[in-house]
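See below for the structure under consideration.
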Amino acid sequence: MQRLTNTLIAALMLVAFGLIAAVPVTRADEFVIWCWNDPQVELNGQIFDIELGVLGQPSVVRRGVRLAETTLFIPQGMRARVLSTTNIYFEERVRIVELPVQAWGNQDQSGRTGGEVRVVTRFEASVTLPAAMAVNRALRDTGTTRGLLTTSITVR
């Protein structure tokens with residue numbers, strides 16, 4: 001009799017755990033996290049990770065933030081290229097815009113242009129969420145998905 005009772009209790013526990021495991025995760029169960037995408041660029045041979053983060057539930061970020069467009073304003077003559085984009089939580093685009101060297105005044109004796117690169121990110125979003133920009137893991141600017149994030153990168 002004891003064996004039958006133990007078997008029934010074990011079977012009921014397995015059914016109960018199975019029912020709990022079968023319950024789908026809902027949006028209310030989702031955590032609010034920083035959702036980071038990180039385009040990687042190369043400037044004069046140096047590699048930079050430009051991390052773009054939006055604070056929110058991942059499903060809300062995916063639904064409400066369509067695009068993060070980052071523009072790099074570089075001096076004419078600087079070598080620049082996009083190495084990768086991630087597009088996990090929102091689409092990201094990187095544009096490179098060359099400006100005349102005279103506007104920068106930062107050419108070294110070898111003729112290779114270095115100096116400051118201006119970085120501007122704008123979001124296309126239907127929701128206003130906290131946003132942040134970091135370069136190589138160092139926080140550079142904070143704001144929201146309704147404004148601009150800006151910083152500069154020093155390039156040799």
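By convention in this document, the chains of the structure tokens carry letters A, B, ... by their order, each chain's residues are numbered from 1, and ligands are numbered from 1 in the order they are shown.
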Show me, as a PDB file with N, CA and C atoms, in the first residue's frame, the residues that have an atom within 6 Å of region 136-150 of chain A when counting only C-alpha atoms, minus same-chain residues fewer than 4 positions from it.
```pdb
ATOM      1  N   ASP A  49      35.068  49.471 -31.222  1.00  0.00           N
ATOM      2  CA  ASP A  49      33.710  48.961 -31.021  1.00  0.00           C
ATOM      3  C   ASP A  49      32.862  50.124 -30.546  1.00  0.00           C
ATOM      4  N   VAL A 119      31.375  61.188 -33.775  1.00  0.00           N
ATOM      5  CA  VAL A 119      30.440  60.066 -33.882  1.00  0.00           C
ATOM      6  C   VAL A 119      29.072  60.545 -33.421  1.00  0.00           C
ATOM      7  N   VAL A 120      28.080  60.396 -34.284  1.00  0.00           N
ATOM      8  CA  VAL A 120      26.707  60.820 -33.965  1.00  0.00           C
ATOM      9  C   VAL A 120      25.762  59.655 -34.272  1.00  0.00           C
ATOM     10  N   THR A 121      24.937  59.280 -33.302  1.00  0.00           N
ATOM     11  CA  THR A 121      23.942  58.219 -33.507  1.00  0.00           C
ATOM     12  C   THR A 121      22.559  58.788 -33.282  1.00  0.00           C
ATOM     13  N   ARG A 122      21.669  58.482 -34.238  1.00  0.00           N
ATOM     14  CA  ARG A 122      20.260  58.838 -34.081  1.00  0.00           C
ATOM     15  C   ARG A 122      19.437  57.564 -34.221  1.00  0.00           C
ATOM     16  N   PHE A 123      18.359  57.505 -33.455  1.00  0.00           N
ATOM     17  CA  PHE A 123      17.482  56.344 -33.475  1.00  0.00           C
ATOM     18  C   PHE A 123      16.202  56.680 -34.224  1.00  0.00           C
ATOM     19  N   THR A 128      10.042  55.902 -26.387  1.00  0.00           N
ATOM     20  CA  THR A 128      11.141  56.638 -25.772  1.00  0.00           C
ATOM     21  C   THR A 128      11.720  55.781 -24.660  1.00  0.00           C
ATOM     22  N   LEU A 129      12.953  55.341 -24.861  1.00  0.00           N
ATOM     23  CA  LEU A 129      13.639  54.491 -23.886  1.00  0.00           C
ATOM     24  C   LEU A 129      15.023  55.075 -23.625  1.00  0.00           C
ATOM     25  N   PRO A 130      15.603  54.811 -22.452  1.00  0.00           N
ATOM     26  CA  PRO A 130      16.971  55.257 -22.192  1.00  0.00           C
ATOM     27  C   PRO A 130      17.933  54.613 -23.195  1.00  0.00           C
ATOM     28  N   ALA A 131      18.915  55.389 -23.621  1.00  0.00           N
ATOM     29  CA  ALA A 131      19.901  54.904 -24.589  1.00  0.00           C
ATOM     30  C   ALA A 131      21.295  55.337 -24.144  1.00  0.00           C
ATOM     31  N   ALA A 132      22.298  54.592 -24.601  1.00  0.00           N
ATOM     32  CA  ALA A 132      23.680  54.903 -24.233  1.00  0.00           C
ATOM     33  C   ALA A 132      24.614  54.523 -25.370  1.00  0.00           C
TER      34      ALA A 132
END
```
### Task
Would you mind listing what lies within 7 Å of Leu99 (chain A) as a PyMOL selection string, with only C-alpha atoms counted and same-chain residues fewer than 3 positions away left out?
chain A and resi 73-76+103
Generate a file of the selected residues that holds C-alpha atoms, formatted as an mmCIF file, in the first residue's frame.
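Listed below is the output, out25.cif:
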```cif
data_model
loop_
_atom_site.group_PDB
_atom_site.id
_atom_site.type_symbol
_atom_site.label_atom_id
_atom_site.label_comp_id
_atom_site.auth_asym_id
_atom_site.auth_seq_id
_atom_site.Cartn_x
_atom_site.Cartn_y
_atom_site.Cartn_z
ATOM 1 C CA PHE A 73 32.604 62.386 -39.573
ATOM 2 C CA ILE A 74 36.230 61.796 -40.539
ATOM 3 C CA PRO A 75 38.967 64.031 -41.992
ATOM 4 C CA GLN A 76 39.516 63.542 -45.708
ATOM 5 C CA ALA A 103 38.362 71.814 -41.522
#
```
### Task
Would you please extract all strand (DSSP E) residues from region 30-131 of chain A, as assigned by DSSP on the backbone, and give them as an MDAnalysis selection string?
chainID A and resid 33:37 40:43 46:56 65:75 80:84 91:99 115:125 130:131
Residues from last step as file, C-alpha atoms, as an mmCIF file, in the first residue's frame:
```
data_model
loop_
_atom_site.group_PDB
_atom_site.id
_atom_site.type_symbol
_atom_site.label_atom_id
_atom_site.label_comp_id
_atom_site.auth_asym_id
_atom_site.auth_seq_id
_atom_site.Cartn_x
_atom_site.Cartn_y
_atom_site.Cartn_z
ATOM 1 C CA ILE A 33 17.994 44.794 -19.637
ATOM 2 C CA TRP A 34 20.426 46.862 -21.675
ATOM 3 C CA CYS A 35 20.042 45.626 -25.256
ATOM 4 C CA TRP A 36 23.409 46.274 -26.926
ATOM 5 C CA ASN A 37 24.341 46.231 -30.597
ATOM 6 C CA GLN A 40 32.847 47.709 -35.297
ATOM 7 C CA VAL A 41 34.870 50.136 -37.407
ATOM 8 C CA GLU A 42 38.493 50.479 -38.443
ATOM 9 C CA LEU A 43 40.032 53.968 -38.518
ATOM 10 C CA GLN A 46 42.798 50.980 -35.304
ATOM 11 C CA ILE A 47 39.689 48.962 -34.432
ATOM 12 C CA PHE A 48 36.870 50.553 -32.426
ATOM 13 C CA ASP A 49 33.710 48.961 -31.021
ATOM 14 C CA ILE A 50 30.900 51.517 -30.910
ATOM 15 C CA GLU A 51 28.395 49.963 -28.519
ATOM 16 C CA LEU A 52 24.814 51.238 -28.729
ATOM 17 C CA GLY A 53 22.471 50.256 -25.913
ATOM 18 C CA VAL A 54 18.759 50.673 -25.251
ATOM 19 C CA LEU A 55 17.296 49.903 -21.815
ATOM 20 C CA GLY A 56 14.076 47.914 -21.937
ATOM 21 C CA VAL A 65 13.302 50.693 -32.013
ATOM 22 C CA ARG A 66 13.602 50.238 -35.749
ATOM 23 C CA LEU A 67 17.038 51.715 -36.471
ATOM 24 C CA ALA A 68 20.181 53.154 -34.937
ATOM 25 C CA GLU A 69 22.084 55.117 -37.574
ATOM 26 C CA THR A 70 25.645 56.060 -36.651
ATOM 27 C CA THR A 71 27.542 58.635 -38.709
ATOM 28 C CA LEU A 72 31.310 58.985 -38.456
ATOM 29 C CA PHE A 73 32.604 62.386 -39.573
ATOM 30 C CA ILE A 74 36.230 61.796 -40.539
ATOM 31 C CA PRO A 75 38.967 64.031 -41.992
ATOM 32 C CA ALA A 80 37.921 54.139 -42.578
ATOM 33 C CA ARG A 81 35.728 51.105 -43.036
ATOM 34 C CA VAL A 82 32.913 49.267 -41.288
ATOM 35 C CA LEU A 83 34.041 45.820 -40.144
ATOM 36 C CA SER A 84 30.753 44.474 -38.753
ATOM 37 C CA GLU A 91 18.840 47.481 -37.245
ATOM 38 C CA GLU A 92 22.074 49.427 -37.266
ATOM 39 C CA ARG A 93 23.638 51.368 -40.090
ATOM 40 C CA VAL A 94 27.003 53.076 -40.164
ATOM 41 C CA ARG A 95 27.773 55.938 -42.542
ATOM 42 C CA ILE A 96 31.205 57.452 -43.071
ATOM 43 C CA VAL A 97 31.323 61.100 -44.132
ATOM 44 C CA GLU A 98 34.654 62.666 -45.169
ATOM 45 C CA LEU A 99 35.241 66.347 -44.474
ATOM 46 C CA GLY A 115 42.888 63.324 -34.999
ATOM 47 C CA GLU A 116 39.310 63.498 -33.827
ATOM 48 C CA VAL A 117 36.464 61.588 -35.438
ATOM 49 C CA ARG A 118 32.994 62.844 -34.544
ATOM 50 C CA VAL A 119 30.440 60.066 -33.882
ATOM 51 C CA VAL A 120 26.707 60.820 -33.965
ATOM 52 C CA THR A 121 23.942 58.219 -33.507
ATOM 53 C CA ARG A 122 20.260 58.838 -34.081
ATOM 54 C CA PHE A 123 17.482 56.344 -33.475
ATOM 55 C CA GLU A 124 14.265 55.765 -35.373
ATOM 56 C CA ALA A 125 11.904 54.630 -32.615
ATOM 57 C CA PRO A 130 16.971 55.257 -22.192
ATOM 58 C CA ALA A 131 19.901 54.904 -24.589
#
```
### Message
Given only C-alpha atoms as the basis, pick out the residue of A:Glu30, A:Pro58, A:Thr154, A:Pro39 nearest to Gly114 (chain A).
### Response
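Distance minimum relative to Gly114 (chain A) lands on A:Thr154.
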### Message
One number please: CA of Ser152 (chain A) to CA of Val127 (chain A), in Å, one decimal.
### Response
26.6 Å
#### Entry: Those of region 29-94 of chain A in DSSP helix (DSSP H, G or I), formatted as a PyMOL selection string
chain A and resi 29+58-64
Using C-alpha atoms, can you export the residues from the last selection as an mmCIF file, in the first residue's frame?
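As a result, selection-v4.cif now contains:
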```
data_model
loop_
_atom_site.group_PDB
_atom_site.id
_atom_site.type_symbol
_atom_site.label_atom_id
_atom_site.label_comp_id
_atom_site.auth_asym_id
_atom_site.auth_seq_id
_atom_site.Cartn_x
_atom_site.Cartn_y
_atom_site.Cartn_z
ATOM 1 C CA ASP A 29 8.141 37.580 -17.153
ATOM 2 C CA PRO A 58 14.017 42.918 -25.383
ATOM 3 C CA SER A 59 10.604 42.422 -27.011
ATOM 4 C CA VAL A 60 9.746 46.105 -26.472
ATOM 5 C CA VAL A 61 13.121 47.210 -27.884
ATOM 6 C CA ARG A 62 12.751 44.946 -30.940
ATOM 7 C CA ARG A 63 9.234 46.217 -31.590
ATOM 8 C CA GLY A 64 9.781 49.898 -30.761
#
```
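We find CA of Met133 (chain A) and CA of Met78 (chain A) to be spaced 22.8 Å apart.
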### Task
Work out how far CA of Ile153 (chain A) is from CA of Asp38 (chain A), in Å to one decimal.
15.3 Å
